[in-house]
file run-v9.pdb (PDB, C-alpha atoms)
ATOM      1  CA  MET A   1       0.000   0.000   0.000  1.00  0.00           C
ATOM      2  CA  SER A   2       2.948   2.336   0.557  1.00  0.00           C
ATOM      3  CA  SER A   3       3.623   2.389  -3.186  1.00  0.00           C
ATOM      4  CA  ASP A   4      -0.060   3.167  -3.768  1.00  0.00           C
ATOM      5  CA  LEU A   5       0.185   6.168  -1.412  1.00  0.00           C
ATOM      6  CA  VAL A   6       3.118   7.620  -3.303  1.00  0.00           C
ATOM      7  CA  VAL A   7       1.447   7.131  -6.682  1.00  0.00           C
ATOM      8  CA  LEU A   8      -1.880   8.608  -5.581  1.00  0.00           C
ATOM      9  CA  ALA A   9      -0.162  11.607  -4.034  1.00  0.00           C
ATOM     10  CA  GLU A  10       1.418  12.505  -7.382  1.00  0.00           C
ATOM     11  CA  VAL A  11      -1.612  12.257  -9.670  1.00  0.00           C
ATOM     12  CA  PRO A  12      -4.561  14.604 -10.089  1.00  0.00           C
ATOM     13  CA  PHE A  13      -8.002  13.685  -8.843  1.00  0.00           C
ATOM     14  CA  PRO A  14      -9.728  11.461  -9.776  1.00  0.00           C
ATOM     15  CA  PRO A  15      -7.084   8.745 -10.185  1.00  0.00           C
ATOM     16  CA  THR A  16      -7.259   6.298 -13.059  1.00  0.00           C
ATOM     17  CA  VAL A  17      -7.065   2.509 -12.883  1.00  0.00           C
ATOM     18  CA  GLU A  18      -3.356   2.674 -13.722  1.00  0.00           C
ATOM     19  CA  ASP A  19      -2.805   4.965 -10.735  1.00  0.00           C
ATOM     20  CA  ILE A  20      -4.463   2.540  -8.313  1.00  0.00           C
ATOM     21  CA  PHE A  21      -3.058  -0.771  -9.550  1.00  0.00           C
ATOM     22  CA  PRO A  22       0.655  -1.484  -9.101  1.00  0.00           C
ATOM     23  CA  PRO A  23       2.710  -0.965 -12.280  1.00  0.00           C
ATOM     24  CA  ALA A  24       4.485  -3.717 -14.213  1.00  0.00           C
ATOM     25  CA  LEU A  25       7.811  -4.911 -12.835  1.00  0.00           C
ATOM     26  CA  GLY A  26       9.401  -5.320 -16.256  1.00  0.00           C
ATOM     27  CA  PRO A  27       7.635  -7.075 -19.125  1.00  0.00           C
ATOM     28  CA  GLU A  28       3.946  -6.243 -19.456  1.00  0.00           C
ATOM     29  CA  TRP A  29       2.933  -9.708 -18.256  1.00  0.00           C
ATOM     30  CA  LEU A  30       5.032  -9.439 -15.073  1.00  0.00           C
ATOM     31  CA  THR A  31       3.038  -7.298 -12.668  1.00  0.00           C
ATOM     32  CA  LYS A  32       2.832  -7.315  -8.904  1.00  0.00           C
ATOM     33  CA  PHE A  33      -0.525  -9.052  -9.216  1.00  0.00           C
ATOM     34  CA  SER A  34       0.912 -11.935 -11.231  1.00  0.00           C
ATOM     35  CA  LEU A  35       3.902 -12.120  -8.874  1.00  0.00           C
ATOM     36  CA  PHE A  36       1.619 -12.356  -5.822  1.00  0.00           C
ATOM     37  CA  LEU A  37      -0.444 -14.978  -7.637  1.00  0.00           C
ATOM     38  CA  TRP A  38       2.594 -17.214  -8.111  1.00  0.00           C
ATOM     39  CA  LEU A  39       3.621 -16.508  -4.531  1.00  0.00           C
ATOM     40  CA  ALA A  40       0.194 -17.641  -3.261  1.00  0.00           C
ATOM     41  CA  ALA A  41       0.474 -20.875  -5.247  1.00  0.00           C
ATOM     42  CA  ALA A  42       4.000 -21.447  -3.899  1.00  0.00           C
ATOM     43  CA  VAL A  43       2.880 -20.858  -0.301  1.00  0.00           C
ATOM     44  CA  VAL A  44       0.079 -23.444  -0.604  1.00  0.00           C
ATOM     45  CA  ILE A  45       2.293 -26.049  -2.300  1.00  0.00           C
ATOM     46  CA  VAL A  46       5.186 -25.624   0.137  1.00  0.00           C
ATOM     47  CA  PHE A  47       2.840 -25.675   3.137  1.00  0.00           C
ATOM     48  CA  PHE A  48       1.316 -29.038   2.222  1.00  0.00           C
ATOM     49  CA  LEU A  49       4.659 -30.527   1.152  1.00  0.00           C
ATOM     50  CA  VAL A  50       6.262 -29.567   4.458  1.00  0.00           C
ATOM     51  CA  ALA A  51       3.222 -30.662   6.492  1.00  0.00           C
ATOM     52  CA  TYR A  52       3.203 -34.134   4.881  1.00  0.00           C
ATOM     53  CA  ARG A  53       6.900 -34.704   4.322  1.00  0.00           C
ATOM     54  CA  ASN A  54       7.022 -37.055   7.325  1.00  0.00           C
ATOM     55  CA  PRO A  55       3.433 -37.862   8.397  1.00  0.00           C
ATOM     56  CA  LYS A  56       2.971 -39.290  11.871  1.00  0.00           C
ATOM     57  CA  ILE A  57       0.172 -41.130  13.637  1.00  0.00           C
ATOM     58  CA  VAL A  58       0.210 -38.400  16.269  1.00  0.00           C
ATOM     59  CA  PRO A  59       0.322 -35.380  13.954  1.00  0.00           C
ATOM     60  CA  THR A  60       2.595 -32.420  14.415  1.00  0.00           C
ATOM     61  CA  ARG A  61       1.058 -28.945  14.506  1.00  0.00           C
ATOM     62  CA  GLY A  62       1.698 -28.430  10.806  1.00  0.00           C
ATOM     63  CA  GLN A  63       0.280 -31.827   9.871  1.00  0.00           C
ATOM     64  CA  TRP A  64      -2.739 -31.250  12.121  1.00  0.00           C
ATOM     65  CA  LEU A  65      -3.385 -27.843  10.522  1.00  0.00           C
ATOM     66  CA  ALA A  66      -3.107 -29.216   6.981  1.00  0.00           C
ATOM     67  CA  GLU A  67      -5.341 -32.191   7.786  1.00  0.00           C
ATOM     68  CA  SER A  68      -7.883 -29.932   9.493  1.00  0.00           C
ATOM     69  CA  MET A  69      -8.111 -27.591   6.507  1.00  0.00           C
ATOM     70  CA  TYR A  70      -8.437 -30.449   4.049  1.00  0.00           C
ATOM     71  CA  GLY A  71     -10.911 -32.262   6.280  1.00  0.00           C
ATOM     72  CA  PHE A  72     -13.000 -29.117   6.660  1.00  0.00           C
ATOM     73  CA  ILE A  73     -13.466 -28.821   2.895  1.00  0.00           C
ATOM     74  CA  ARG A  74     -13.724 -32.580   2.330  1.00  0.00           C
ATOM     75  CA  GLU A  75     -16.411 -33.177   4.943  1.00  0.00           C
ATOM     76  CA  GLY A  76     -18.050 -29.762   5.221  1.00  0.00           C
ATOM     77  CA  VAL A  77     -18.205 -28.855   1.523  1.00  0.00           C
ATOM     78  CA  ALA A  78     -17.469 -31.749  -0.856  1.00  0.00           C
ATOM     79  CA  LYS A  79     -19.368 -34.441   1.062  1.00  0.00           C
ATOM     80  CA  ASP A  80     -22.138 -32.328   2.591  1.00  0.00           C
ATOM     81  CA  VAL A  81     -22.977 -30.376  -0.578  1.00  0.00           C
ATOM     82  CA  ILE A  82     -22.297 -32.875  -3.378  1.00  0.00           C
ATOM     83  CA  GLY A  83     -22.687 -36.130  -1.469  1.00  0.00           C
ATOM     84  CA  HIS A  84     -20.570 -39.264  -1.554  1.00  0.00           C
ATOM     85  CA  GLU A  85     -19.692 -38.614  -5.196  1.00  0.00           C
ATOM     86  CA  GLY A  86     -18.220 -35.289  -4.144  1.00  0.00           C
ATOM     87  CA  LEU A  87     -15.260 -36.915  -2.393  1.00  0.00           C
ATOM     88  CA  ARG A  88     -13.401 -37.148  -5.707  1.00  0.00           C
ATOM     89  CA  PHE A  89     -13.645 -33.363  -6.013  1.00  0.00           C
ATOM     90  CA  ALA A  90     -12.275 -32.744  -2.516  1.00  0.00           C
ATOM     91  CA  PRO A  91      -8.642 -32.204  -3.678  1.00  0.00           C
ATOM     92  CA  TYR A  92      -9.748 -29.582  -6.203  1.00  0.00           C
ATOM     93  CA  LEU A  93     -12.054 -27.833  -3.751  1.00  0.00           C
ATOM     94  CA  ALA A  94      -9.442 -27.828  -0.974  1.00  0.00           C
ATOM     95  CA  SER A  95      -6.764 -26.488  -3.336  1.00  0.00           C
ATOM     96  CA  LEU A  96      -9.167 -23.814  -4.576  1.00  0.00           C
ATOM     97  CA  PHE A  97     -10.044 -22.764  -1.033  1.00  0.00           C
ATOM     98  CA  MET A  98      -6.439 -22.573   0.146  1.00  0.00           C
ATOM     99  CA  PHE A  99      -5.241 -20.726  -2.951  1.00  0.00           C
ATOM    100  CA  ILE A 100      -7.988 -18.091  -2.734  1.00  0.00           C
ATOM    101  CA  LEU A 101      -7.541 -17.771   1.040  1.00  0.00           C
ATOM    102  CA  VAL A 102      -3.797 -17.124   0.804  1.00  0.00           C
ATOM    103  CA  GLY A 103      -4.283 -14.690  -2.094  1.00  0.00           C
ATOM    104  CA  ASN A 104      -6.970 -12.830  -0.156  1.00  0.00           C
ATOM    105  CA  VAL A 105      -4.885 -12.634   3.028  1.00  0.00           C
ATOM    106  CA  PHE A 106      -2.175 -10.838   1.025  1.00  0.00           C
ATOM    107  CA  SER A 107      -4.456  -7.791   1.237  1.00  0.00           C
ATOM    108  CA  ILE A 108      -3.395  -7.248   4.875  1.00  0.00           C
ATOM    109  CA  VAL A 109       0.212  -8.498   4.701  1.00  0.00           C
ATOM    110  CA  PRO A 110       2.695  -5.617   5.196  1.00  0.00           C
ATOM    111  CA  LEU A 111       4.607  -4.579   2.059  1.00  0.00           C
ATOM    112  CA  ILE A 112       2.045  -6.431  -0.101  1.00  0.00           C
ATOM    113  CA  GLN A 113      -1.342  -5.162   1.086  1.00  0.00           C
ATOM    114  CA  VAL A 114      -3.206  -5.992  -2.099  1.00  0.00           C
ATOM    115  CA  SER A 115      -4.840  -9.244  -3.121  1.00  0.00           C
ATOM    116  CA  PRO A 116      -4.323 -10.551  -6.658  1.00  0.00           C
ATOM    117  CA  ASN A 117      -8.062 -11.241  -6.574  1.00  0.00           C
ATOM    118  CA  ALA A 118      -8.596  -7.469  -6.567  1.00  0.00           C
ATOM    119  CA  HIS A 119      -7.844  -7.702 -10.308  1.00  0.00           C
ATOM    120  CA  ILE A 120     -10.846  -9.066 -12.215  1.00  0.00           C
ATOM    121  CA  ALA A 121      -8.680 -11.254 -14.487  1.00  0.00           C
ATOM    122  CA  PHE A 122      -7.709 -13.675 -11.715  1.00  0.00           C
ATOM    123  CA  PRO A 123     -11.160 -14.307 -10.154  1.00  0.00           C
ATOM    124  CA  PHE A 124     -12.507 -14.679 -13.687  1.00  0.00           C
ATOM    125  CA  THR A 125      -9.855 -17.307 -14.487  1.00  0.00           C
ATOM    126  CA  LEU A 126     -10.736 -19.233 -11.321  1.00  0.00           C
ATOM    127  CA  ALA A 127     -14.423 -19.011 -12.218  1.00  0.00           C
ATOM    128  CA  LEU A 128     -13.653 -20.372 -15.695  1.00  0.00           C
ATOM    129  CA  CYS A 129     -11.891 -23.369 -14.113  1.00  0.00           C
ATOM    130  CA  THR A 130     -15.048 -24.122 -12.146  1.00  0.00           C
ATOM    131  CA  TYR A 131     -17.212 -23.428 -15.206  1.00  0.00           C
ATOM    132  CA  PHE A 132     -15.374 -25.876 -17.468  1.00  0.00           C
ATOM    133  CA  LEU A 133     -15.244 -28.451 -14.682  1.00  0.00           C
ATOM    134  CA  TYR A 134     -18.984 -28.573 -14.096  1.00  0.00           C
ATOM    135  CA  LEU A 135     -19.717 -28.430 -17.843  1.00  0.00           C
ATOM    136  CA  TYR A 136     -17.377 -31.361 -18.444  1.00  0.00           C
ATOM    137  CA  GLN A 137     -18.928 -33.339 -15.594  1.00  0.00           C
ATOM    138  CA  GLY A 138     -22.417 -32.552 -16.880  1.00  0.00           C
ATOM    139  CA  PHE A 139     -21.679 -33.637 -20.448  1.00  0.00           C
ATOM    140  CA  LYS A 140     -19.885 -36.736 -19.158  1.00  0.00           C
ATOM    141  CA  LYS A 141     -22.769 -37.806 -16.935  1.00  0.00           C
ATOM    142  CA  HIS A 142     -25.793 -36.840 -19.022  1.00  0.00           C
ATOM    143  CA  GLY A 143     -24.445 -36.587 -22.565  1.00  0.00           C
ATOM    144  CA  PHE A 144     -24.400 -33.361 -24.604  1.00  0.00           C
ATOM    145  CA  LEU A 145     -28.100 -33.043 -25.349  1.00  0.00           C
ATOM    146  CA  GLY A 146     -29.022 -34.672 -22.070  1.00  0.00           C
ATOM    147  CA  TYR A 147     -27.100 -32.083 -20.073  1.00  0.00           C
ATOM    148  CA  LEU A 148     -28.550 -29.195 -22.066  1.00  0.00           C
ATOM    149  CA  LYS A 149     -31.992 -30.525 -21.177  1.00  0.00           C
ATOM    150  CA  HIS A 150     -30.955 -31.167 -17.565  1.00  0.00           C
ATOM    151  CA  ALA A 151     -29.573 -27.628 -17.175  1.00  0.00           C
ATOM    152  CA  THR A 152     -32.348 -25.680 -18.855  1.00  0.00           C
ATOM    153  CA  VAL A 153     -35.646 -27.607 -18.675  1.00  0.00           C
ATOM    154  CA  LEU A 154     -37.541 -27.251 -15.402  1.00  0.00           C
ATOM    155  CA  PRO A 155     -40.387 -29.508 -14.266  1.00  0.00           C
ATOM    156  CA  ALA A 156     -43.017 -26.968 -15.233  1.00  0.00           C
ATOM    157  CA  PRO A 157     -46.023 -26.876 -17.597  1.00  0.00           C
ATOM    158  CA  TRP A 158     -45.132 -26.808 -21.295  1.00  0.00           C
ATOM    159  CA  PHE A 159     -46.575 -23.337 -21.820  1.00  0.00           C
ATOM    160  CA  MET A 160     -44.101 -21.933 -19.252  1.00  0.00           C
ATOM    161  CA  GLN A 161     -41.054 -23.419 -20.968  1.00  0.00           C
ATOM    162  CA  PRO A 162     -40.551 -20.582 -23.527  1.00  0.00           C
ATOM    163  CA  LEU A 163     -40.160 -18.210 -20.574  1.00  0.00           C
ATOM    164  CA  LEU A 164     -38.122 -20.506 -18.320  1.00  0.00           C
ATOM    165  CA  LEU A 165     -35.712 -21.961 -20.897  1.00  0.00           C
ATOM    166  CA  PRO A 166     -33.812 -18.720 -21.697  1.00  0.00           C
ATOM    167  CA  ILE A 167     -33.694 -17.779 -17.994  1.00  0.00           C
ATOM    168  CA  GLU A 168     -32.221 -21.135 -16.981  1.00  0.00           C
ATOM    169  CA  ALA A 169     -29.774 -21.120 -19.902  1.00  0.00           C
ATOM    170  CA  LEU A 170     -28.641 -17.603 -19.005  1.00  0.00           C
ATOM    171  CA  GLN A 171     -28.172 -18.562 -15.378  1.00  0.00           C
ATOM    172  CA  THR A 172     -26.291 -21.814 -16.019  1.00  0.00           C
ATOM    173  CA  PHE A 173     -24.022 -20.798 -18.875  1.00  0.00           C
ATOM    174  CA  ILE A 174     -23.400 -17.083 -18.230  1.00  0.00           C
ATOM    175  CA  LEU A 175     -24.527 -15.772 -14.844  1.00  0.00           C
ATOM    176  CA  GLN A 176     -23.076 -18.524 -12.650  1.00  0.00           C
ATOM    177  CA  PRO A 177     -19.413 -18.078 -13.720  1.00  0.00           C
ATOM    178  CA  LEU A 178     -19.818 -14.312 -14.069  1.00  0.00           C
ATOM    179  CA  THR A 179     -21.260 -13.731 -10.588  1.00  0.00           C
ATOM    180  CA  LEU A 180     -18.756 -16.185  -9.110  1.00  0.00           C
ATOM    181  CA  ALA A 181     -15.903 -14.017 -10.398  1.00  0.00           C
ATOM    182  CA  LEU A 182     -17.507 -10.646  -9.692  1.00  0.00           C
ATOM    183  CA  ARG A 183     -18.370 -11.511  -6.082  1.00  0.00           C
ATOM    184  CA  LEU A 184     -14.763 -12.339  -5.216  1.00  0.00           C
ATOM    185  CA  PHE A 185     -13.333  -9.425  -7.192  1.00  0.00           C
ATOM    186  CA  ALA A 186     -15.728  -6.817  -5.803  1.00  0.00           C
ATOM    187  CA  ASN A 187     -15.151  -7.784  -2.171  1.00  0.00           C
ATOM    188  CA  MET A 188     -11.368  -7.822  -2.409  1.00  0.00           C
ATOM    189  CA  PHE A 189     -11.171  -4.639  -4.487  1.00  0.00           C
ATOM    190  CA  ALA A 190     -13.556  -2.801  -2.149  1.00  0.00           C
ATOM    191  CA  GLY A 191     -11.562  -3.893   0.897  1.00  0.00           C
ATOM    192  CA  HIS A 192      -8.316  -2.684  -0.650  1.00  0.00           C
ATOM    193  CA  MET A 193      -9.875   0.677  -1.526  1.00  0.00           C
ATOM    194  CA  LEU A 194     -11.372   1.156   1.957  1.00  0.00           C
ATOM    195  CA  LEU A 195      -7.999   0.563   3.609  1.00  0.00           C
ATOM    196  CA  LEU A 196      -6.404   2.940   1.139  1.00  0.00           C
ATOM    197  CA  VAL A 197      -9.049   5.633   1.693  1.00  0.00           C
ATOM    198  CA  PHE A 198      -8.802   5.605   5.499  1.00  0.00           C
ATOM    199  CA  THR A 199      -4.996   5.524   5.433  1.00  0.00           C
ATOM    200  CA  LEU A 200      -4.828   8.432   2.994  1.00  0.00           C
ATOM    201  CA  GLY A 201      -7.579  10.179   4.929  1.00  0.00           C
ATOM    202  CA  GLY A 202      -5.449  10.049   8.067  1.00  0.00           C
ATOM    203  CA  PHE A 203      -2.539  11.748   6.300  1.00  0.00           C
ATOM    204  CA  ALA A 204      -4.861  14.316   4.725  1.00  0.00           C
ATOM    205  CA  LEU A 205      -6.391  15.190   8.092  1.00  0.00           C
ATOM    206  CA  LEU A 206      -2.986  15.338   9.769  1.00  0.00           C
ATOM    207  CA  ASN A 207      -1.764  17.827   7.139  1.00  0.00           C
ATOM    208  CA  ALA A 208      -4.950  19.919   7.246  1.00  0.00           C
ATOM    209  CA  GLU A 209      -4.637  23.585   8.141  1.00  0.00           C
ATOM    210  CA  SER A 210      -7.380  23.376  10.755  1.00  0.00           C
ATOM    211  CA  LEU A 211      -6.120  22.300  14.177  1.00  0.00           C
ATOM    212  CA  PHE A 212      -9.530  20.785  14.828  1.00  0.00           C
ATOM    213  CA  LEU A 213      -9.086  18.276  11.990  1.00  0.00           C
ATOM    214  CA  LYS A 214      -5.593  17.076  12.887  1.00  0.00           C
ATOM    215  CA  PRO A 215      -6.609  14.900  15.876  1.00  0.00           C
ATOM    216  CA  ILE A 216      -9.275  13.222  13.733  1.00  0.00           C
ATOM    217  CA  SER A 217      -6.466  11.598  11.755  1.00  0.00           C
ATOM    218  CA  VAL A 218      -6.067   9.193  14.682  1.00  0.00           C
ATOM    219  CA  VAL A 219      -9.695   8.139  14.217  1.00  0.00           C
ATOM    220  CA  SER A 220      -9.073   7.509  10.531  1.00  0.00           C
ATOM    221  CA  TRP A 221      -6.035   5.327  11.278  1.00  0.00           C
ATOM    222  CA  ALA A 222      -7.971   3.513  14.009  1.00  0.00           C
ATOM    223  CA  MET A 223     -10.584   2.699  11.368  1.00  0.00           C
ATOM    224  CA  THR A 224      -7.780   1.360   9.166  1.00  0.00           C
ATOM    225  CA  ILE A 225      -6.723  -1.031  11.934  1.00  0.00           C
ATOM    226  CA  ALA A 226     -10.319  -2.134  12.566  1.00  0.00           C
ATOM    227  CA  LEU A 227     -10.920  -2.657   8.852  1.00  0.00           C
ATOM    228  CA  THR A 228      -7.733  -4.710   8.620  1.00  0.00           C
ATOM    229  CA  PHE A 229      -9.173  -7.277  11.034  1.00  0.00           C
ATOM    230  CA  PHE A 230     -12.499  -7.119   9.208  1.00  0.00           C
ATOM    231  CA  GLU A 231     -10.670  -7.678   5.910  1.00  0.00           C
ATOM    232  CA  LEU A 232      -9.152 -10.862   7.343  1.00  0.00           C
ATOM    233  CA  LEU A 233     -12.662 -12.140   8.070  1.00  0.00           C
ATOM    234  CA  ILE A 234     -13.819 -11.206   4.572  1.00  0.00           C
ATOM    235  CA  ALA A 235     -10.771 -12.917   3.045  1.00  0.00           C
ATOM    236  CA  ALA A 236     -11.658 -16.228   4.699  1.00  0.00           C
ATOM    237  CA  LEU A 237     -15.385 -15.840   4.054  1.00  0.00           C
ATOM    238  CA  GLN A 238     -14.960 -15.125   0.340  1.00  0.00           C
ATOM    239  CA  ALA A 239     -12.637 -18.100  -0.108  1.00  0.00           C
ATOM    240  CA  TYR A 240     -15.261 -20.300   1.568  1.00  0.00           C
ATOM    241  CA  VAL A 241     -18.152 -18.834  -0.448  1.00  0.00           C
ATOM    242  CA  PHE A 242     -16.311 -19.332  -3.751  1.00  0.00           C
ATOM    243  CA  THR A 243     -15.553 -22.951  -2.842  1.00  0.00           C
ATOM    244  CA  LEU A 244     -19.069 -23.596  -1.542  1.00  0.00           C
ATOM    245  CA  LEU A 245     -20.690 -22.252  -4.717  1.00  0.00           C
ATOM    246  CA  THR A 246     -18.316 -24.337  -6.828  1.00  0.00           C
ATOM    247  CA  ALA A 247     -19.476 -27.432  -4.939  1.00  0.00           C
ATOM    248  CA  ASN A 248     -23.089 -26.338  -5.308  1.00  0.00           C
ATOM    249  CA  TYR A 249     -22.746 -25.987  -9.091  1.00  0.00           C
ATOM    250  CA  LEU A 250     -21.128 -29.419  -9.288  1.00  0.00           C
ATOM    251  CA  ALA A 251     -23.939 -30.873  -7.193  1.00  0.00           C
ATOM    252  CA  GLY A 252     -26.537 -29.413  -9.567  1.00  0.00           C
ATOM    253  CA  THR A 253     -24.662 -30.774 -12.562  1.00  0.00           C
ATOM    254  CA  LEU A 254     -24.346 -34.295 -11.126  1.00  0.00           C
ATOM    255  CA  ALA A 255     -27.919 -34.492  -9.837  1.00  0.00           C
ATOM    256  CA  GLU A 256     -30.183 -37.014 -11.503  1.00  0.00           C
ATOM    257  CA  GLU A 257     -32.996 -34.497 -11.767  1.00  0.00           C
ATOM    258  CA  HIS A 258     -33.021 -30.718 -12.131  1.00  0.00           C
TER     259      HIS A 258
END

call {"tool": "encode", "arguments": {"input": "run-v9.pdb", "output": "structure tokens"}}
result
Amino acid sequence: MSSDLVVLAEVPFPPTVEDIFPPALGPEWLTKFSLFLWLAAAVVIVFFLVAYRNPKIVPTRGQWLAESMYGFIREGVAKDVIGHEGLRFAPYLASLFMFILVGNVFSIVPLIQVSPNAHIAFPFTLALCTYFLYLYQGFKKHGFLGYLKHATVLPAPWFMQPLLLPIEALQTFILQPLTLALRLFANMFAGHMLLLVFTLGGFALLNAESLFLKPISVVSWAMTIALTFFELLIAALQAYVFTLLTANYLAGTLAEEH
């Protein structure tokens, strides 16, 4: 966030997208967002490799933490939402949850303080992974035409079908992946902007000419600290919601009836 403060202080109001997002580190494809994305993946991979490098019957703290996180998604999401068939999706769902969680937590890590999920491209890519997964599973289970019927035809009178068919098709093939991405992006971007606004607001109030406004800068910075803890809660909640909705879409795809 410190780099954001410097950039925003040098540009006229209102700032543009380029002023808010960190600049490229070299080539156009190498930005801070992509760097943090690879870092999040590395953190998750290294964590599980270290936790399971020497598994014990009486688990160590690291092994217990890794098993608890995986068990939480396996039992509480994959099995509860999808059913027994959902156990084969537990590795994907657990990896998705951990990756999004670590990326979201970057928004409050000093010297990083921005989540890669605050850039729409990355939540949209994750949503596409889920989208292609449940489409593939649907076509595999029901067949091409069978899945199209399963996904769009509701058990309703025939004269209601012309109204319901386009709504269900829009929801299944467009709105589900789109809202999945936008929900994660909007929450992480809004959290980053709120922290930025209250931090900048504290400096603005401290440098104000009015002596009455200067002490209020402490209130603004206190709000920054409070919002930091709130952002941690949102980071975990959004990772869980994204994973839960992924499981829900898979459950709908694998169901025998609509």

call {"tool": "atom_distance", "arguments": {"input": "run-v9.pdb", "atom1": "atom CA of A:Phe189", "atom2": "atom CA of A:Gln113"}}
result
11.3 Å

call {"tool": "closest_residue", "arguments": {"input": "run-v9.pdb", "among": "A:Thr31, A:Thr253, A:Gln171, A:Asn248", "to": "A:His142", "atoms": "all atoms listed in the file"}}
result
A:Thr253

call {"tool": "resolve_selection", "arguments": {"input": "run-v9.pdb", "expression": "the PyMOL selection byres ((chain A and resi 90) around 10)", "output": "ChimeraX atom specification"}}
result
/A:70-75,77-79,85-89,91-96,247

call {"tool": "residues_around", "arguments": {"input": "run-v9.pdb", "residues": "A:Ala255", "least_positions_apart": "3", "cutoff": "12 Å", "atoms": "all atoms listed in the file", "output": "ChimeraX atom specification"}}
result
/A:81-83,85-86,134,137-138,141-142,147,150-151,248-252,258

call {"tool": "write_last_selection", "arguments": {"input": "run-v9.pdb", "atoms": "C-alpha atoms", "output": "PDB file, in the frame of the given file"}}
result
ATOM      1  CA  VAL A  81     -22.977 -30.376  -0.578  1.00  0.00           C
ATOM      2  CA  ILE A  82     -22.297 -32.875  -3.378  1.00  0.00           C
ATOM      3  CA  GLY A  83     -22.687 -36.130  -1.469  1.00  0.00           C
ATOM      4  CA  GLU A  85     -19.692 -38.614  -5.196  1.00  0.00           C
ATOM      5  CA  GLY A  86     -18.220 -35.289  -4.144  1.00  0.00           C
ATOM      6  CA  TYR A 134     -18.984 -28.573 -14.096  1.00  0.00           C
ATOM      7  CA  GLN A 137     -18.928 -33.339 -15.594  1.00  0.00           C
ATOM      8  CA  GLY A 138     -22.417 -32.552 -16.880  1.00  0.00           C
ATOM      9  CA  LYS A 141     -22.769 -37.806 -16.935  1.00  0.00           C
ATOM     10  CA  HIS A 142     -25.793 -36.840 -19.022  1.00  0.00           C
ATOM     11  CA  TYR A 147     -27.100 -32.083 -20.073  1.00  0.00           C
ATOM     12  CA  HIS A 150     -30.955 -31.167 -17.565  1.00  0.00           C
ATOM     13  CA  ALA A 151     -29.573 -27.628 -17.175  1.00  0.00           C
ATOM     14  CA  ASN A 248     -23.089 -26.338  -5.308  1.00  0.00           C
ATOM     15  CA  TYR A 249     -22.746 -25.987  -9.091  1.00  0.00           C
ATOM     16  CA  LEU A 250     -21.128 -29.419  -9.288  1.00  0.00           C
ATOM     17  CA  ALA A 251     -23.939 -30.873  -7.193  1.00  0.00           C
ATOM     18  CA  GLY A 252     -26.537 -29.413  -9.567  1.00  0.00           C
ATOM     19  CA  HIS A 258     -33.021 -30.718 -12.131  1.00  0.00           C
TER      20      HIS A 258
END

call {"tool": "atom_distance", "arguments": {"input": "run-v9.pdb", "atom1": "atom CA of A:Leu237", "atom2": "atom CA of A:Ile45"}}
result
21.4 Å

call {"tool": "resolve_selection", "arguments": {"input": "run-v9.pdb", "expression": "the PyMOL selection byres ((chain A and resi 198-200) around 8)", "output": "list in words"}}
result
Leu5, Leu194, Leu195, Leu196, Val197, Gly201, Gly202, Phe203, Ala204, Ser220, Trp221, Met223 and Thr224 of chain A

call {"tool": "resolve_selection", "arguments": {"input": "run-v9.pdb", "expression": "the PyMOL selection byres ((chain A and resi 183) around 12)", "output": "ChimeraX atom specification"}}
result
/A:117-120,123-124,127,175-182,184-190,234-235,237-239,241-242,245

call {"tool": "write_last_selection", "arguments": {"input": "run-v9.pdb", "atoms": "C-alpha atoms", "output": "CSV table (one decimal), in the frame of the given file"}}
result
chain,number,residue,atom,x,y,z
A,117,ASN,CA,-8.1,-11.2,-6.6
A,118,ALA,CA,-8.6,-7.5,-6.6
A,119,HIS,CA,-7.8,-7.7,-10.3
A,120,ILE,CA,-10.8,-9.1,-12.2
A,123,PRO,CA,-11.2,-14.3,-10.2
A,124,PHE,CA,-12.5,-14.7,-13.7
A,127,ALA,CA,-14.4,-19.0,-12.2
A,175,LEU,CA,-24.5,-15.8,-14.8
A,176,GLN,CA,-23.1,-18.5,-12.6
A,177,PRO,CA,-19.4,-18.1,-13.7
A,178,LEU,CA,-19.8,-14.3,-14.1
A,179,THR,CA,-21.3,-13.7,-10.6
A,180,LEU,CA,-18.8,-16.2,-9.1
A,181,ALA,CA,-15.9,-14.0,-10.4
A,182,LEU,CA,-17.5,-10.6,-9.7
A,184,LEU,CA,-14.8,-12.3,-5.2
A,185,PHE,CA,-13.3,-9.4,-7.2
A,186,ALA,CA,-15.7,-6.8,-5.8
A,187,ASN,CA,-15.2,-7.8,-2.2
A,188,MET,CA,-11.4,-7.8,-2.4
A,189,PHE,CA,-11.2,-4.6,-4.5
A,190,ALA,CA,-13.6,-2.8,-2.1
A,234,ILE,CA,-13.8,-11.2,4.6
A,235,ALA,CA,-10.8,-12.9,3.0
A,237,LEU,CA,-15.4,-15.8,4.1
A,238,GLN,CA,-15.0,-15.1,0.3
A,239,ALA,CA,-12.6,-18.1,-0.1
A,241,VAL,CA,-18.2,-18.8,-0.4
A,242,PHE,CA,-16.3,-19.3,-3.8
A,245,LEU,CA,-20.7,-22.3,-4.7

call {"tool": "atom_distance", "arguments": {"input": "run-v9.pdb", "atom1": "atom CA of A:Phe47", "atom2": "atom CA of A:Ala66"}}
result
7.9 Å

call {"tool": "closest_residue", "arguments": {"input": "run-v9.pdb", "among": "A:His192, A:Arg53, A:Lys214, A:Lys149", "to": "A:Glu231", "atoms": "all atoms listed in the file"}}
result
A:His192

call {"tool": "decode", "arguments": {"input": "run-v9.pdb", "residues": "stretch 112-121 of chain A", "atoms": "C-alpha atoms", "output": "mmCIF file, in the first residue's frame"}}
result
data_model
loop_
_atom_site.group_PDB
_atom_site.id
_atom_site.type_symbol
_atom_site.label_atom_id
_atom_site.label_comp_id
_atom_site.auth_asym_id
_atom_site.auth_seq_id
_atom_site.Cartn_x
_atom_site.Cartn_y
_atom_site.Cartn_z
ATOM 1 C CA ILE A 112 2.045 -6.431 -0.101
ATOM 2 C CA GLN A 113 -1.342 -5.162 1.086
ATOM 3 C CA VAL A 114 -3.206 -5.992 -2.099
ATOM 4 C CA SER A 115 -4.840 -9.244 -3.121
ATOM 5 C CA PRO A 116 -4.323 -10.551 -6.658
ATOM 6 C CA ASN A 117 -8.062 -11.241 -6.574
ATOM 7 C CA ALA A 118 -8.596 -7.469 -6.567
ATOM 8 C CA HIS A 119 -7.844 -7.702 -10.308
ATOM 9 C CA ILE A 120 -10.846 -9.066 -12.215
ATOM 10 C CA ALA A 121 -8.680 -11.254 -14.487
#
